[in-house]
Structures are given as C-alpha cells and as structure tokens.
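Source file upload_26.txt; content: compact mmCIF, C-alpha atoms.
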```
# COMPACT_ATOMS: atom_id res chain seq x y z
CA MET A 103 4.35 9.98 10.63
CA ILE A 104 3.03 13.18 9.01
CA SER A 105 5.19 16.26 9.58
CA ASN A 106 3.95 19.49 11.17
CA LYS A 107 4.36 21.23 7.80
CA HIS A 108 1.90 18.85 6.14
CA ILE A 109 -0.53 19.00 9.08
CA LEU A 110 -0.70 22.77 8.50
CA PHE A 111 -1.22 22.07 4.78
CA PHE A 112 -4.22 19.86 5.57
CA ARG A 113 -5.77 22.40 7.94
CA ASN A 114 -5.18 25.60 6.03
CA ILE A 115 -5.67 24.54 2.42
CA SER A 116 -7.65 21.34 2.29
CA GLY A 117 -9.78 21.54 5.43
CA ILE A 118 -8.49 18.18 6.72
CA THR A 119 -7.66 17.60 10.38
CA PHE A 120 -4.96 15.00 11.01
CA VAL A 121 -5.43 12.92 14.17
CA ASP A 122 -3.03 10.37 15.61
CA SER A 123 -5.20 7.71 17.28
CA ILE A 124 -2.60 4.96 17.64
CA ASN A 125 -2.81 5.04 21.45
CA ASP A 126 -6.58 5.52 21.66
CA SER A 127 -7.68 1.86 21.37
CA PHE A 128 -9.52 2.47 18.09
CA PHE A 129 -7.78 -0.52 16.49
CA LEU A 130 -8.11 -3.85 18.32
CA PRO A 131 -7.61 -6.84 15.97
CA ASP A 132 -8.95 -10.32 16.66
CA ALA A 133 -6.59 -13.28 16.75
CA LEU A 134 -6.17 -15.25 13.53
CA ASP A 135 -7.97 -18.57 13.31
CA ASN A 136 -6.15 -21.71 14.41
CA ASP A 137 -5.46 -23.03 10.89
CA ILE A 138 -3.73 -19.81 9.85
CA THR A 139 -1.78 -19.59 13.10
CA SER A 140 -0.58 -23.16 12.63
CA MET A 141 0.64 -22.41 9.08
CA ILE A 142 2.44 -19.26 10.23
CA ASN A 143 4.17 -21.21 13.00
CA ARG A 144 5.38 -23.76 10.44
CA PHE A 145 6.57 -20.95 8.20
CA ILE A 146 8.55 -19.22 10.98
CA ARG A 147 10.09 -22.48 12.23
CA ALA A 148 11.11 -23.44 8.70
CA ILE A 149 12.98 -20.17 8.28
CA GLU A 150 14.52 -20.23 11.76
CA TYR A 151 15.80 -23.79 11.28
CA HIS A 152 16.81 -23.28 7.62
CA THR A 153 14.45 -25.95 6.31
CA LYS A 154 14.76 -26.29 2.52
CA ASP A 155 11.57 -28.04 1.51
CA MET A 156 8.60 -26.39 3.26
CA LEU A 157 5.44 -26.32 1.15
CA LEU A 158 2.12 -25.32 2.65
CA LEU A 159 -1.21 -26.35 1.10
CA PRO A 160 -4.52 -24.59 1.76
CA THR A 161 -7.25 -26.54 3.57
CA LYS A 162 -9.89 -23.86 2.85
CA ILE A 163 -10.50 -21.85 -0.29
CA GLU A 164 -10.29 -18.58 1.65
CA HIS A 165 -6.74 -19.45 2.71
CA ILE A 166 -5.30 -19.67 -0.82
CA ASN A 167 -3.78 -16.19 -0.79
CA ILE A 168 -2.41 -16.59 2.74
CA VAL A 169 -0.72 -19.85 1.75
CA SER A 170 0.67 -18.14 -1.35
CA LEU A 171 2.08 -15.37 0.85
CA LEU A 172 3.78 -17.79 3.23
CA ASN A 173 5.22 -19.99 0.47
CA THR A 174 6.48 -16.98 -1.49
CA SER A 175 8.02 -15.35 1.58
CA PHE A 176 9.67 -18.63 2.54
CA PHE A 177 11.17 -19.00 -0.95
CA ASN A 178 12.46 -15.41 -0.89
CA ASN A 179 14.02 -15.94 2.54
CA CYS A 180 15.74 -19.15 1.40
CA LYS A 181 17.10 -17.37 -1.66
CA GLU A 182 18.46 -14.51 0.45
CA ASN A 183 20.06 -17.00 2.84
CA ASN A 184 21.77 -18.82 -0.04
CA VAL A 185 23.11 -15.56 -1.44
CA PHE A 186 24.44 -14.64 1.99
CA GLN A 187 26.16 -18.03 2.47
CA TYR A 188 27.93 -18.05 -0.90
CA ASN A 189 28.68 -14.33 -1.18
CA TYR A 190 28.82 -13.19 2.44
CA ARG A 191 31.64 -10.73 1.81
CA TYR A 192 29.59 -8.79 -0.70
CA TYR A 193 26.11 -9.52 0.60
CA LYS A 194 23.74 -6.63 1.23
CA ALA A 195 20.32 -6.99 2.83
CA PRO A 196 17.31 -5.85 0.77
CA GLU A 197 17.03 -2.75 2.99
CA GLN A 198 20.56 -1.70 1.95
CA LEU A 199 20.06 -2.04 -1.79
CA LYS A 200 18.76 0.53 -4.23
CA ASN A 201 15.21 -0.70 -4.76
CA MET A 202 13.01 -0.01 -7.75
CA GLU A 203 9.46 0.66 -6.55
CA ASN A 204 7.84 -1.87 -8.86
CA ASP A 205 10.27 -4.65 -7.89
CA PHE A 206 9.76 -3.89 -4.20
CA LYS A 207 5.98 -3.87 -4.64
CA ILE A 208 5.82 -7.18 -6.53
CA LYS A 209 8.23 -9.05 -4.25
CA TYR A 210 7.28 -7.78 -0.79
CA VAL A 211 3.95 -5.94 -0.83
CA VAL A 212 1.52 -7.52 -3.31
CA PRO A 213 1.58 -11.02 -1.73
CA PHE A 214 1.02 -9.51 1.72
CA VAL A 215 -1.92 -7.25 0.83
CA ASN A 216 -3.55 -9.94 -1.37
CA ALA A 217 -3.45 -12.37 1.57
CA ALA A 218 -6.37 -10.55 3.20
CA PHE A 219 -8.71 -11.16 0.26
CA ASP A 220 -10.53 -14.20 -1.11
CA VAL A 221 -13.10 -15.06 -3.78
CA ASN A 222 -16.06 -14.58 -1.44
CA ASP A 223 -15.27 -10.97 -0.55
CA LYS A 224 -17.48 -7.93 -1.14
CA LEU A 225 -14.27 -6.01 -1.68
CA VAL A 226 -11.55 -6.29 -4.35
CA VAL A 227 -8.00 -4.92 -4.48
CA TYR A 228 -6.81 -3.59 -7.86
CA TRP A 229 -3.12 -2.93 -8.58
CA ASP A 230 -1.81 -0.10 -10.79
CA THR A 231 -5.17 0.81 -12.31
CA PRO A 232 -6.52 4.32 -12.96
CA LEU A 233 -8.75 5.85 -10.33
CA ASN A 234 -12.36 6.38 -11.36
CA ILE A 235 -12.44 9.61 -9.36
CA TYR A 236 -10.15 11.17 -12.00
CA THR A 237 -12.19 10.12 -15.04
CA ASN A 238 -12.95 13.72 -15.99
CA SER A 239 -9.56 15.18 -15.01
CA ASN A 240 -6.98 16.71 -17.35
CA MET A 241 -4.30 14.02 -17.71
CA LYS A 242 -1.83 16.43 -19.33
CA ILE A 243 -1.35 18.60 -16.25
CA GLN A 244 -2.06 16.17 -13.42
CA LYS A 245 0.99 14.59 -11.83
CA ARG A 246 -0.49 11.10 -11.36
CA GLN A 247 -3.88 9.55 -11.99
CA THR A 248 -3.03 6.09 -10.73
CA THR A 249 -2.06 4.81 -7.34
CA ASP A 250 -0.24 1.63 -6.36
CA ALA A 251 -3.49 -0.07 -5.36
CA LYS A 252 -7.11 0.73 -4.67
CA PHE A 253 -9.92 -1.02 -2.79
CA LYS A 254 -13.22 -1.24 -4.62
CA THR A 255 -16.57 -2.71 -3.63
CA ILE A 256 -18.17 -5.26 -5.95
CA ASP A 257 -20.73 -2.63 -6.98
CA GLY A 258 -17.94 -0.36 -8.24
CA MET A 259 -17.41 2.17 -5.42
CA GLU A 260 -13.78 3.09 -4.70
CA ILE A 261 -13.35 3.23 -0.93
CA GLY A 262 -9.61 2.92 -0.30
CA VAL A 263 -6.14 3.57 -1.65
CA VAL A 264 -2.58 2.28 -1.11
CA GLU A 265 0.68 4.16 -1.70
CA ILE A 266 4.02 2.34 -1.66
CA LYS A 267 7.60 3.56 -1.39
CA PRO A 268 10.60 1.16 -1.35
CA PHE A 269 13.51 1.13 1.09
CA ASN A 270 15.63 4.29 1.32
CA THR A 271 13.08 6.57 -0.33
CA PRO A 272 13.80 10.23 0.56
CA THR A 273 11.59 11.53 3.35
CA GLU A 274 10.11 14.28 1.19
CA LYS A 275 8.87 11.70 -1.34
CA VAL A 276 7.18 9.68 1.40
CA GLU A 277 5.59 12.87 2.76
CA GLU A 278 4.32 13.76 -0.71
CA ASP A 279 2.60 10.37 -0.97
CA ARG A 280 0.98 10.85 2.45
CA VAL A 281 -0.48 14.12 1.21
CA ARG A 282 -1.71 12.31 -1.93
CA LEU A 283 -3.31 9.64 0.28
CA ALA A 284 -5.21 12.25 2.24
CA GLU A 285 -6.39 14.05 -0.88
CA ILE A 286 -7.30 10.92 -2.89
CA SER A 287 -9.19 9.41 0.05
CA LYS A 288 -10.99 12.74 0.51
CA LYS A 289 -12.01 12.75 -3.16
CA MET A 290 -13.23 9.14 -2.77
CA LEU A 291 -15.06 10.23 0.36
CA HIS A 292 -16.99 12.90 -1.56
CA LYS A 293 -18.16 10.29 -4.08
CA ARG A 294 -19.14 7.96 -1.28
CA ILE A 295 -21.02 10.62 0.68
CA LEU A 296 -23.27 11.47 -2.26
CA ALA A 297 -24.29 7.80 -2.57
CA ALA A 298 -24.47 7.06 1.17
CA LYS A 299 -27.65 5.77 2.80
CA SER A 300 -26.15 5.00 6.21
CA GLU A 301 -23.67 6.73 8.52
CA LYS A 302 -21.23 3.81 8.33
CA GLU A 303 -20.50 4.71 4.71
CA LEU A 304 -19.08 8.14 5.60
CA VAL A 305 -15.50 6.90 5.64
CA THR A 306 -12.72 5.93 3.23
CA PHE A 307 -9.44 4.14 3.81
CA ALA A 308 -5.75 4.78 3.09
CA VAL A 309 -2.61 2.67 3.58
CA MET A 310 0.96 3.99 3.43
CA ILE A 311 3.76 1.43 3.03
CA ALA A 312 7.28 2.89 3.13
CA GLY A 313 9.97 0.22 3.38
CA ILE A 314 8.96 -2.07 6.23
CA ASP A 315 6.68 0.54 7.84
CA ILE A 316 2.91 0.30 7.34
CA GLU A 317 0.45 3.03 8.37
CA TYR A 318 -3.30 2.43 8.39
CA PHE A 319 -5.53 5.52 8.03
CA VAL A 320 -9.24 6.25 7.82
CA HIS A 321 -10.72 9.43 6.36
CA GLU A 322 -13.93 10.38 8.15
CA TYR A 323 -16.68 12.87 7.28
CA ARG A 324 -18.61 14.32 10.20
CA PRO A 325 -20.64 17.36 9.07
CA GLN A 326 -22.55 17.45 12.36
CA GLU A 327 -19.30 18.22 14.18
CA SER A 328 -18.60 21.34 12.13
CA THR A 329 -20.18 24.66 13.02
CA VAL A 330 -21.25 27.48 10.75
CA ALA A 331 -18.31 28.47 8.56
CA THR A 332 -16.49 31.63 9.53
CA ARG A 333 -14.50 33.88 7.28
CA ASP A 334 -11.22 32.19 8.15
CA ARG A 335 -12.85 28.73 7.71
CA ILE A 336 -11.23 27.39 10.90
CA ASP A 337 -14.56 26.08 12.22
CA ASN A 338 -14.89 23.71 9.27
CA ALA A 339 -11.64 21.89 10.08
CA LYS A 340 -13.23 18.91 11.84
CA LYS A 341 -15.54 18.10 8.96
CA TYR A 342 -12.76 15.93 7.51
CA THR A 343 -10.58 13.83 9.82
CA PHE A 344 -7.62 11.89 8.43
CA ARG A 345 -6.99 9.50 11.30
CA LEU A 346 -3.89 7.33 11.80
CA LEU A 347 -5.14 4.12 13.42
CA LYS A 348 -2.20 1.77 13.46
CA ASN A 349 1.50 1.38 12.71
CA SER A 350 2.54 -2.09 11.59
CA ILE A 351 5.47 -3.96 10.02
CA LEU A 352 5.71 -5.43 6.51
CA PRO A 353 6.52 -9.07 7.40
CA THR A 354 7.86 -10.29 4.05
CA THR A 355 11.57 -9.42 4.32
CA PRO A 356 14.33 -11.61 5.80
CA ASN A 357 14.51 -9.33 8.85
CA THR A 358 10.78 -9.03 9.54
CA PHE A 359 9.27 -12.49 8.92
CA SER A 360 8.74 -13.04 12.67
CA HIS A 361 6.10 -10.25 12.59
CA MET A 362 3.87 -12.27 10.25
CA SER A 363 1.11 -13.08 12.78
CA LEU A 364 0.67 -9.59 14.20
CA SER A 365 0.94 -7.95 10.78
CA LEU A 366 -1.69 -10.24 9.26
CA GLU A 367 -3.97 -9.63 12.26
CA SER A 368 -3.75 -5.88 11.63
CA LEU A 369 -4.36 -6.24 7.89
CA ALA A 370 -7.32 -8.61 8.42
CA HIS A 371 -8.86 -6.24 10.96
CA TYR A 372 -8.44 -3.27 8.63
CA LYS A 373 -10.16 -5.18 5.84
CA LYS A 374 -13.04 -6.03 8.20
CA MET A 375 -13.43 -2.30 8.89
CA MET A 376 -13.71 -1.68 5.14
CA VAL A 377 -16.27 -4.47 4.69
CA LYS A 378 -18.37 -3.23 7.64
CA SER A 379 -18.54 0.20 6.02
CA ILE A 380 -20.28 -1.22 2.91
CA ALA A 381 -24.04 -0.69 2.69
CA SER A 382 -26.13 -3.73 3.60
CA ALA A 383 -29.25 -5.03 1.84
CA SER A 384 -31.45 -3.35 4.48
CA ASP A 385 -30.05 0.06 3.46
CA ILE A 386 -31.29 -0.12 -0.14
CA GLU A 387 -34.74 1.35 0.56
CA LYS A 388 -33.41 4.16 2.75
CA PRO A 389 -33.13 7.72 1.41
CA TYR A 390 -29.77 9.25 0.55
CA LEU A 391 -28.24 11.08 3.48
CA TYR A 392 -26.33 13.84 1.74
CA SER A 393 -27.15 13.64 -1.97
CA ASN A 394 -27.31 17.45 -2.23
CA ASN A 395 -24.39 18.27 0.04
CA HIS A 396 -21.78 18.79 -2.68
CA LYS A 397 -21.90 22.56 -2.10
CA GLU A 398 -20.67 22.02 1.46
CA PHE A 399 -17.61 20.01 0.42
CA GLU A 400 -14.19 21.53 0.92
CA PRO A 401 -12.11 21.66 -2.32
CA THR A 402 -9.72 18.82 -3.04
CA ILE A 403 -6.09 19.61 -3.86
CA THR A 404 -4.46 17.82 -6.80
CA LEU A 405 -0.68 17.69 -7.39
CA LEU A 406 0.15 18.98 -10.87
CA LYS A 407 3.14 18.46 -13.15
CA LEU A 408 5.77 21.19 -12.95
CA GLY A 409 8.11 21.85 -15.86
CA SER A 410 9.50 18.60 -17.27
CA GLU A 411 8.12 16.25 -14.58
```

Show this structure as structure tokens.
Amino acid sequence: MISNKHILFFRNISGITFVDSINDSFFLPDALDNDITSMINRFIRAIEYHTKDMLLLPTKIEHINIVSLLNTSFFNNCKENNVFQYNYRYYKAPEQLKNMENDFKIKYVVPFVNAAFDVNDKLVVYWDTPLNIYTNSNMKIQKRQTTDAKFKTIDGMEIGVVEIKPFNTPTEKVEEDRVRLAEISKKMLHKRILAAKSEKELVTFAVMIAGIDIEYFVHEYRPQESTVATRDRIDNAKKYTFRLLKNSILPTTPNTFSHMSLSLESLAHYKKMMVKSIASASDIEKPYLYSNNHKEFEPTITLLKLGSE
C-alpha cells in the first residue's frame, strides 16, 4: 500500500492522484477454463500428498507456459520439502532467507508472470530490458533506465511495467519502487496518448511484486475531468489517476501454492485488460485524439543518482 507521504508526493509534485479501488468492484476476474483448473487441482493434490513424480503435459499450445509454471513450482516445492526433511533443525523457509532480487525473480516470479502469455498474444512481456521511453535520457545521472519487466504490444508500444522486490526488502525500498512505477507508467502514458485514436488507449499498467504480495495498478488519463489550471495547480490533480485495482498473492512458494487458481485468475484478467486497451483494426482510419496535447502534460519525475550510488 502507498504511504501518505508518497500520496502527497504524487499530488504536489507529479500531478498524480492515487486511488484505492480494491473494494469498488473494478476488478472481477472470470474463472479459469476447465483444463487449467484440472491441472491446478492435480498440482495442489500432488504437493499436499507429497507425490514425487507429477508431470503435467499441455493439451493446447496456449497452455505451455501454465504447464511450465505448475511443473516448476511443483519441483521447487519438492526440493524444499526434501531440504526440510533432511535438515529440519537448520531449515529456513524462503521467506526467512536473505534473498537476492535476481534469484527471487527467476525462481518465483518469471514463471508466474509468463504463464499468462502465449504465442498468439498481441502483447509480449520483456524481462530486464531498457525502456524505450528513456532512449534520449542521460544515463550518467539517471538512477535506473531498466525495470524488472515491461509489457509491449506487437507494434512496439510500451504499455506496462513490473517492479519486483524479494522477501524482507526494507519498506522504504518498496515505496521507492512504487513511486517509480507511477512515474514510469505516467511517462508511458504520455507516449500512448500522443498515438491514441480511441479512448480505451488512454491507460497504462503497473504491477508491484514485493515478496508474496502482488499489487495491480492502472494509470489513467482523463483530461475532460480536469478543470482550468489554477495557480496552485490543484485542479489538475485528477488528470492522472494511479489506481490500485487488486491485491493478490504470489502462488509459487511452499507456503502459497494453494492460491494458484485465484492468483492466475487475477493475472489472466489483468492481461485481458491490457489486451482490450490495444487499438483495433477499425481504429486505424480514425484521427489522433490528442496528438498536440503534449503542452498540457504534467512533468514526469525521474529518480537521479546521488553521490556514489
């Protein structure tokens, strides 16, 4: 959850209004299809009953990444169980260990996020790659120009970003990444607005994963909701809304595997929201909505390197 200090930062410096919409029924996922549900049930039963030889095989090409997630998570759970049995006096759960971010990401996060995507998608997830929005930025003074992952349409538009922090990350570091999410998604939003031909494109997406906690955000642009700017700029606050839609659980650890169905439902629904925001073929001939609106954009804040950082 974003602290009051950072909410004030959004409002006073960046012109972003933070809204918590978790209880507002904005996010209502559909149930997973029967084939996926059946595989998840086998996966959960295999872990609960300490089965040693479960191996799932995909029956559809779009299920390859989901099957990979379930098989990988099952293997990791079996390995943890074996370590516990043979070294129970010294065993520590993953949540209790000092985790390197990259190890945490590869083992627990990448298989989960990739599970929502398949070869037929209009959307691609890229891991640890530079953001196109910073192509013309000064790399020497900017703190970071990459993010843990980004979502990109097949025509090259960046529309979403993921930030990851492992177990036991200090709160201030997690808060800093939430601020980065809001600012990066706002910068992506500006690029998207200038190319938009339909209202559905006036949104970008941001995911925060800190330990087992997942937060799904959208960043919305609604110029019609903002009034004429005043000297203190307060009236422009609702132009940008960074909205928290859903809290979820990362289901790939030994203590969270039972959340697999609900967590995949949330991820699949969030991906559908991203896909629905992509321009359709019927939009091609339409005029640009805000191609000359760059003068009305609020400035984007970028975290810079300080001293020896």

How many Å lie between CA of His371 (chain A) and CA of Ala133 (chain A), rounded to one decimal? 9.4 Å

Need the shell around Asp223 (chain A): protein/DNA/RNA residues with any atom at most 10 Å away, counting only C-alpha atoms. Skip same-chain ones fewer than 3 positions apart. Format as a PyMOL selection string? chain A and resi 164+218-220+226+255-256+377

Each residue of region 203-278 of chain A with at least one atom at most 12 Å from region 300-323 of chain A should appear once, together with its nearest atom pair and the corresponding distance in Å (one decimal); atoms considered: all atoms listed in the file; ordering: chain, then increasing residue number; output as a Markdown table.
```
| residue | atom | partner | partner_atom | distance |
| --- | --- | --- | --- | --- |
| A:Glu203 | CA | A:Gly313 | CA | 10.0 |
| A:Phe206 | CA | A:Gly313 | CA | 8.6 |
| A:Lys207 | CA | A:Ile311 | CA | 9.6 |
| A:Tyr210 | CA | A:Ile314 | CA | 9.2 |
| A:Val211 | CA | A:Ile311 | CA | 8.3 |
| A:Val212 | CA | A:Ile311 | CA | 11.2 |
| A:Phe214 | CA | A:Ile311 | CA | 11.4 |
| A:Val215 | CA | A:Val309 | CA | 10.3 |
| A:Thr249 | CA | A:Ala308 | CA | 11.1 |
| A:Asp250 | CA | A:Met310 | CA | 10.1 |
| A:Ala251 | CA | A:Val309 | CA | 9.4 |
| A:Lys252 | CA | A:Ala308 | CA | 8.9 |
| A:Phe253 | CA | A:Phe307 | CA | 8.4 |
| A:Lys254 | CA | A:Thr306 | CA | 10.6 |
| A:Thr255 | CA | A:Thr306 | CA | 11.7 |
| A:Met259 | CA | A:Thr306 | CA | 10.5 |
| A:Glu260 | CA | A:Thr306 | CA | 8.5 |
| A:Ile261 | CA | A:Thr306 | CA | 5.0 |
| A:Gly262 | CA | A:Phe307 | CA | 4.3 |
| A:Val263 | CA | A:Ala308 | CA | 4.9 |
| A:Val264 | CA | A:Val309 | CA | 4.7 |
| A:Glu265 | CA | A:Met310 | CA | 5.1 |
| A:Ile266 | CA | A:Ile311 | CA | 4.8 |
| A:Lys267 | CA | A:Ala312 | CA | 4.6 |
| A:Pro268 | CA | A:Gly313 | CA | 4.9 |
| A:Phe269 | CA | A:Gly313 | CA | 4.3 |
| A:Asn270 | CA | A:Gly313 | CA | 7.3 |
| A:Thr271 | CA | A:Ala312 | CA | 7.7 |
| A:Pro272 | CA | A:Ala312 | CA | 10.1 |
| A:Thr273 | CA | A:Ala312 | CA | 9.7 |
| A:Glu274 | CA | A:Ala312 | CA | 11.9 |
| A:Lys275 | CA | A:Ala312 | CA | 10.0 |
| A:Val276 | CA | A:Ala312 | CA | 7.0 |
| A:Glu277 | CA | A:Met310 | CA | 10.0 |
| A:Glu278 | CA | A:Met310 | CA | 11.1 |
```

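Computed from the coordinates, the CA of Leu158 (chain A) to CA of Met141 (chain A) distance equals 7.2 Å.
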
Got a sec: who's within 7 Å of Val121 (chain A), counting all atoms listed in the file, leaving out chain neighbours fewer than 5 positions off, as a list in words?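 In the requested form, the answer reads Thr343, Phe344, Arg345 and Leu346 of chain A.
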
Figure out the distance between CA of Val227 (chain A) and CA of Ile149 (chain A), please, to one decimal in Å.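 Computing the Euclidean distance for CA of Ile149 (chain A) and CA of Val227 (chain A) yields 28.9 Å.
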
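For the residues A:Asp385, A:Asp137, A:Glu150, A:Asp122, ranking by smallest atom-to-atom distance to Asn179 (chain A) using all atoms listed in the file places A:Glu150 first.
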
Which residue of A:Asn349, A:Asn204, A:Thr354, A:Asn222 approaches His165 (chain A) most closely, using all atoms listed in the file: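 Residue with the minimum atom-to-atom distance to His165 (chain A): A:Asn222.
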
Determine, counting only C-alpha atoms, which protein, DNA and RNA residues have an atom within 12 Å of an atom of Phe176 (chain A); residues of the same chain fewer than 6 positions away are not included. Present the result as a PDB file with C-alpha atoms, keeping the file's coordinate frame.
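The result, written out as result_3.pdb:
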```
ATOM      1  CA  MET A 141       0.640 -22.410   9.080  1.00  0.00           C
ATOM      2  CA  ILE A 142       2.440 -19.260  10.230  1.00  0.00           C
ATOM      3  CA  ARG A 144       5.380 -23.760  10.440  1.00  0.00           C
ATOM      4  CA  PHE A 145       6.570 -20.950   8.200  1.00  0.00           C
ATOM      5  CA  ILE A 146       8.550 -19.220  10.980  1.00  0.00           C
ATOM      6  CA  ARG A 147      10.090 -22.480  12.230  1.00  0.00           C
ATOM      7  CA  ALA A 148      11.110 -23.440   8.700  1.00  0.00           C
ATOM      8  CA  ILE A 149      12.980 -20.170   8.280  1.00  0.00           C
ATOM      9  CA  GLU A 150      14.520 -20.230  11.760  1.00  0.00           C
ATOM     10  CA  TYR A 151      15.800 -23.790  11.280  1.00  0.00           C
ATOM     11  CA  HIS A 152      16.810 -23.280   7.620  1.00  0.00           C
ATOM     12  CA  THR A 153      14.450 -25.950   6.310  1.00  0.00           C
ATOM     13  CA  LYS A 154      14.760 -26.290   2.520  1.00  0.00           C
ATOM     14  CA  ASP A 155      11.570 -28.040   1.510  1.00  0.00           C
ATOM     15  CA  MET A 156       8.600 -26.390   3.260  1.00  0.00           C
ATOM     16  CA  LEU A 157       5.440 -26.320   1.150  1.00  0.00           C
ATOM     17  CA  LEU A 158       2.120 -25.320   2.650  1.00  0.00           C
ATOM     18  CA  VAL A 169      -0.720 -19.850   1.750  1.00  0.00           C
ATOM     19  CA  SER A 170       0.670 -18.140  -1.350  1.00  0.00           C
ATOM     20  CA  GLU A 182      18.460 -14.510   0.450  1.00  0.00           C
ATOM     21  CA  ASN A 183      20.060 -17.000   2.840  1.00  0.00           C
ATOM     22  CA  LYS A 209       8.230  -9.050  -4.250  1.00  0.00           C
ATOM     23  CA  TYR A 210       7.280  -7.780  -0.790  1.00  0.00           C
ATOM     24  CA  PRO A 213       1.580 -11.020  -1.730  1.00  0.00           C
ATOM     25  CA  PRO A 353       6.520  -9.070   7.400  1.00  0.00           C
ATOM     26  CA  THR A 354       7.860 -10.290   4.050  1.00  0.00           C
ATOM     27  CA  THR A 355      11.570  -9.420   4.320  1.00  0.00           C
ATOM     28  CA  PRO A 356      14.330 -11.610   5.800  1.00  0.00           C
ATOM     29  CA  THR A 358      10.780  -9.030   9.540  1.00  0.00           C
ATOM     30  CA  PHE A 359       9.270 -12.490   8.920  1.00  0.00           C
ATOM     31  CA  SER A 360       8.740 -13.040  12.670  1.00  0.00           C
ATOM     32  CA  MET A 362       3.870 -12.270  10.250  1.00  0.00           C
TER      33      MET A 362
END
```
